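Engineer: Input: one structure, supplied below.
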Amino acid sequence: MFKFRPKPTVERDATEEEIKNIKKTEEMLDKEKKLPPASQMIRNLAVDHWKSLKAFVKGKEVIVPQEEAERRWEICKACPELLYDETNPDTGKKDGRCPHCGCFMNVKVHYAVAECPLEKWEKFEKK
Ligand code: SF4
């Protein structure tokens, strides 16, 4: 049986700052629950980079034209799955994150090898 029961040493109410930090942490944990595990996200990224490298070596497109990236981004923005208001640590900009792959979509939409996990984008073919 576990006998140690910590008791508060000081009787007091939580400060506004503490309550704010608790809410912020809970929001962060809620968002994390919606994303795949970090190991899966790293694997997804590595696979996309590997596919891009193969495409580059074979002389294929690595980056889609701007209008294709914008078309994809419009589909993501209309997607109810997209998690908004994330800050991409690489770009420092606000971005939307897909809960299925964990990717920052404002970046991913530019990769020719990238695919929507729910197949909402058309496959990119060079015209
Ligand atoms: S990649 Fe697909 S599933 Fe993910 S946010 Fe974009 S449209 Fe939605």
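Scheme for the structure tokens: letters A, B, ... for chains in order shown; per-chain residue numbers from 1; ligand numbers from 1 in order shown.
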Counting only C-alpha atoms and all ligand atoms, name the residues that have an atom within 6 Å of an atom of ligand 1; the answer should be given as a JSON list (two decimals) with N, CA and C atoms, in the first residue's frame.
Structural biologist:
```json
[["chain", "number", "residue", "atom", "x", "y", "z"],
["A", 75, "ILE", "N", -7.54, 23.74, -49.64],
["A", 75, "ILE", "CA", -8.25, 22.51, -49.25],
["A", 75, "ILE", "C", -8.02, 22.25, -47.76],
["A", 76, "CYS", "N", -6.78, 22.42, -47.31],
["A", 76, "CYS", "CA", -6.47, 22.21, -45.88],
["A", 76, "CYS", "C", -7.22, 23.20, -45.00],
["A", 79, "CYS", "N", -10.58, 22.19, -44.39],
["A", 79, "CYS", "CA", -10.69, 20.86, -43.78],
["A", 79, "CYS", "C", -10.98, 20.99, -42.28],
["A", 81, "GLU", "N", -10.40, 18.99, -40.05],
["A", 81, "GLU", "CA", -9.36, 18.32, -39.26],
["A", 81, "GLU", "C", -8.21, 19.27, -38.88],
["A", 82, "LEU", "N", -7.99, 20.31, -39.69],
["A", 82, "LEU", "CA", -6.80, 21.16, -39.50],
["A", 82, "LEU", "C", -6.79, 21.83, -38.13],
["A", 98, "CYS", "N", -1.80, 19.33, -39.57],
["A", 98, "CYS", "CA", -2.68, 18.21, -39.85],
["A", 98, "CYS", "C", -2.56, 17.18, -38.72],
["A", 116, "CYS", "N", -2.07, 14.15, -49.05],
["A", 116, "CYS", "CA", -3.02, 14.31, -47.94],
["A", 116, "CYS", "C", -3.33, 12.90, -47.40],
["A", 117, "PRO", "N", -3.19, 12.68, -46.10],
["A", 117, "PRO", "CA", -3.48, 11.35, -45.56],
["A", 117, "PRO", "C", -4.92, 10.89, -45.81],
["A", 118, "LEU", "N", -5.83, 11.85, -46.03],
["A", 118, "LEU", "CA", -7.23, 11.49, -46.31],
["A", 118, "LEU", "C", -7.55, 11.58, -47.80],
["A", 120, "LYS", "N", -7.49, 14.07, -49.88],
["A", 120, "LYS", "CA", -8.33, 15.20, -50.30],
["A", 120, "LYS", "C", -7.67, 16.01, -51.40]]
```
Engineer: Using only C-alpha atoms, which protein or nucleic acid residues come within 9 Å of region 37-41 of chain A? Drop anything in the same chain fewer than 4 positions from it, and give the result as a ChimeraX atom specification.
Structural biologist: /A:32-33,45-46,101-103
Engineer: Near region 110-112 of chain A, counting only C-alpha atoms, which residues have an atom at most 10 Å away, once you skip same-chain residues fewer than 2 positions from it, shown as JSON, numbers by chain?
Structural biologist: {"A": [48, 49, 51, 52, 55, 60, 61, 62, 63, 64, 65, 66, 67, 68, 69, 70, 72, 73, 105, 106, 107, 108, 114, 115, 123, 124, 125, 126]}
Engineer: As a VMD selection string, please: all residues of chain A that backbone DSSP puts in helix (DSSP H, G or I).
Structural biologist: chain A and resid 16 to 34 38 to 57 66 to 78 105 to 108
Engineer: Save out the residues we just selected, C-alpha atoms, as a tab-separated table (two decimals), in the first residue's frame.
Structural biologist:
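Once everything was written out, this is again.tsv:
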```tsv
chain	number	residue	atom	x	y	z
A	16	GLU	CA	-4.34	34.10	-11.36
A	17	GLU	CA	-0.95	33.45	-12.95
A	18	GLU	CA	-0.98	29.82	-11.72
A	19	ILE	CA	-4.54	29.28	-12.98
A	20	LYS	CA	-3.54	30.78	-16.36
A	21	ASN	CA	-0.53	28.44	-16.57
A	22	ILE	CA	-2.66	25.40	-15.64
A	23	LYS	CA	-5.17	26.27	-18.42
A	24	LYS	CA	-2.36	26.81	-20.93
A	25	THR	CA	-0.78	23.45	-20.05
A	26	GLU	CA	-4.12	21.65	-20.32
A	27	GLU	CA	-4.77	23.21	-23.74
A	28	MET	CA	-1.30	22.14	-24.87
A	29	LEU	CA	-1.88	18.56	-23.63
A	30	ASP	CA	-5.27	18.45	-25.40
A	31	LYS	CA	-3.66	19.48	-28.68
A	32	GLU	CA	-0.89	16.90	-28.27
A	33	LYS	CA	-3.52	14.20	-27.84
A	34	LYS	CA	-4.75	15.00	-31.35
A	38	ALA	CA	6.64	12.24	-32.08
A	39	SER	CA	8.37	9.09	-33.39
A	40	GLN	CA	5.68	8.75	-36.10
A	41	MET	CA	5.94	12.43	-37.08
A	42	ILE	CA	9.75	12.12	-37.39
A	43	ARG	CA	9.30	9.01	-39.52
A	44	ASN	CA	6.74	10.79	-41.78
A	45	LEU	CA	9.17	13.67	-42.26
A	46	ALA	CA	12.07	11.33	-43.00
A	47	VAL	CA	9.99	9.37	-45.54
A	48	ASP	CA	8.91	12.57	-47.36
A	49	HIS	CA	12.52	13.80	-47.47
A	50	TRP	CA	13.67	10.41	-48.76
A	51	LYS	CA	10.99	10.49	-51.50
A	52	SER	CA	12.01	14.06	-52.40
A	53	LEU	CA	15.66	13.04	-52.65
A	54	LYS	CA	14.74	10.13	-54.93
A	55	ALA	CA	12.62	12.45	-57.10
A	56	PHE	CA	15.50	14.95	-57.30
A	57	VAL	CA	18.00	12.23	-58.33
A	66	GLN	CA	3.00	28.15	-56.29
A	67	GLU	CA	-0.57	27.81	-57.64
A	68	GLU	CA	-0.61	24.07	-56.78
A	69	ALA	CA	0.65	24.81	-53.25
A	70	GLU	CA	-2.06	27.45	-52.85
A	71	ARG	CA	-4.74	25.05	-54.14
A	72	ARG	CA	-3.66	22.44	-51.58
A	73	TRP	CA	-3.52	25.03	-48.78
A	74	GLU	CA	-7.10	26.15	-49.59
A	75	ILE	CA	-8.25	22.51	-49.25
A	76	CYS	CA	-6.47	22.21	-45.88
A	77	LYS	CA	-7.92	25.50	-44.62
A	78	ALA	CA	-11.42	24.23	-45.44
A	105	MET	CA	0.77	22.29	-43.76
A	106	ASN	CA	1.92	25.70	-44.96
A	107	VAL	CA	5.28	24.00	-45.57
A	108	LYS	CA	4.13	20.52	-46.61
```
Engineer: CA of Leu35 (chain A) and CA of Val113 (chain A) are how many Å apart?
Structural biologist: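 We find that CA of Leu35 (chain A) and CA of Val113 (chain A) lie 21.3 Å from each other.
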Engineer: What is the CA of Gly92 (chain A) to CA of Val109 (chain A) distance in Å?
Structural biologist: 17.2 Å
Engineer: If DSSP is run on the backbone, what residues of chain A are strand (DSSP E or B)? A reply as a list in words would be ideal.
Structural biologist: Ile63, Leu83, Tyr84, Asp85, Glu86, Thr87, Lys94, Asp95, Gly96, Arg97, Phe104 and Tyr111 of chain A
Engineer: Mind dumping the selected residues with C-alpha atoms as a compact mmCIF listing (two decimals), in the first residue's frame?
Structural biologist:
```txt
# COMPACT_ATOMS: atom_id res chain seq x y z
CA ILE A 63 8.64 21.54 -55.25
CA LEU A 83 -5.45 22.47 -36.19
CA TYR A 84 -4.97 26.21 -36.50
CA ASP A 85 -2.81 28.63 -34.57
CA GLU A 86 0.31 26.55 -34.30
CA THR A 87 3.67 28.24 -34.60
CA LYS A 94 1.63 30.80 -37.53
CA ASP A 95 0.66 27.67 -39.37
CA GLY A 96 -1.98 24.94 -39.49
CA ARG A 97 -1.16 21.39 -38.49
CA PHE A 104 2.88 21.99 -40.63
CA TYR A 111 6.49 19.27 -51.52
```
Engineer: Quick one, how far is CA of Asn88 (chain A) from CA of Pro36 (chain A)?
Structural biologist: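 Atom-to-atom, CA of Asn88 (chain A) and CA of Pro36 (chain A) are spaced 16.4 Å apart.
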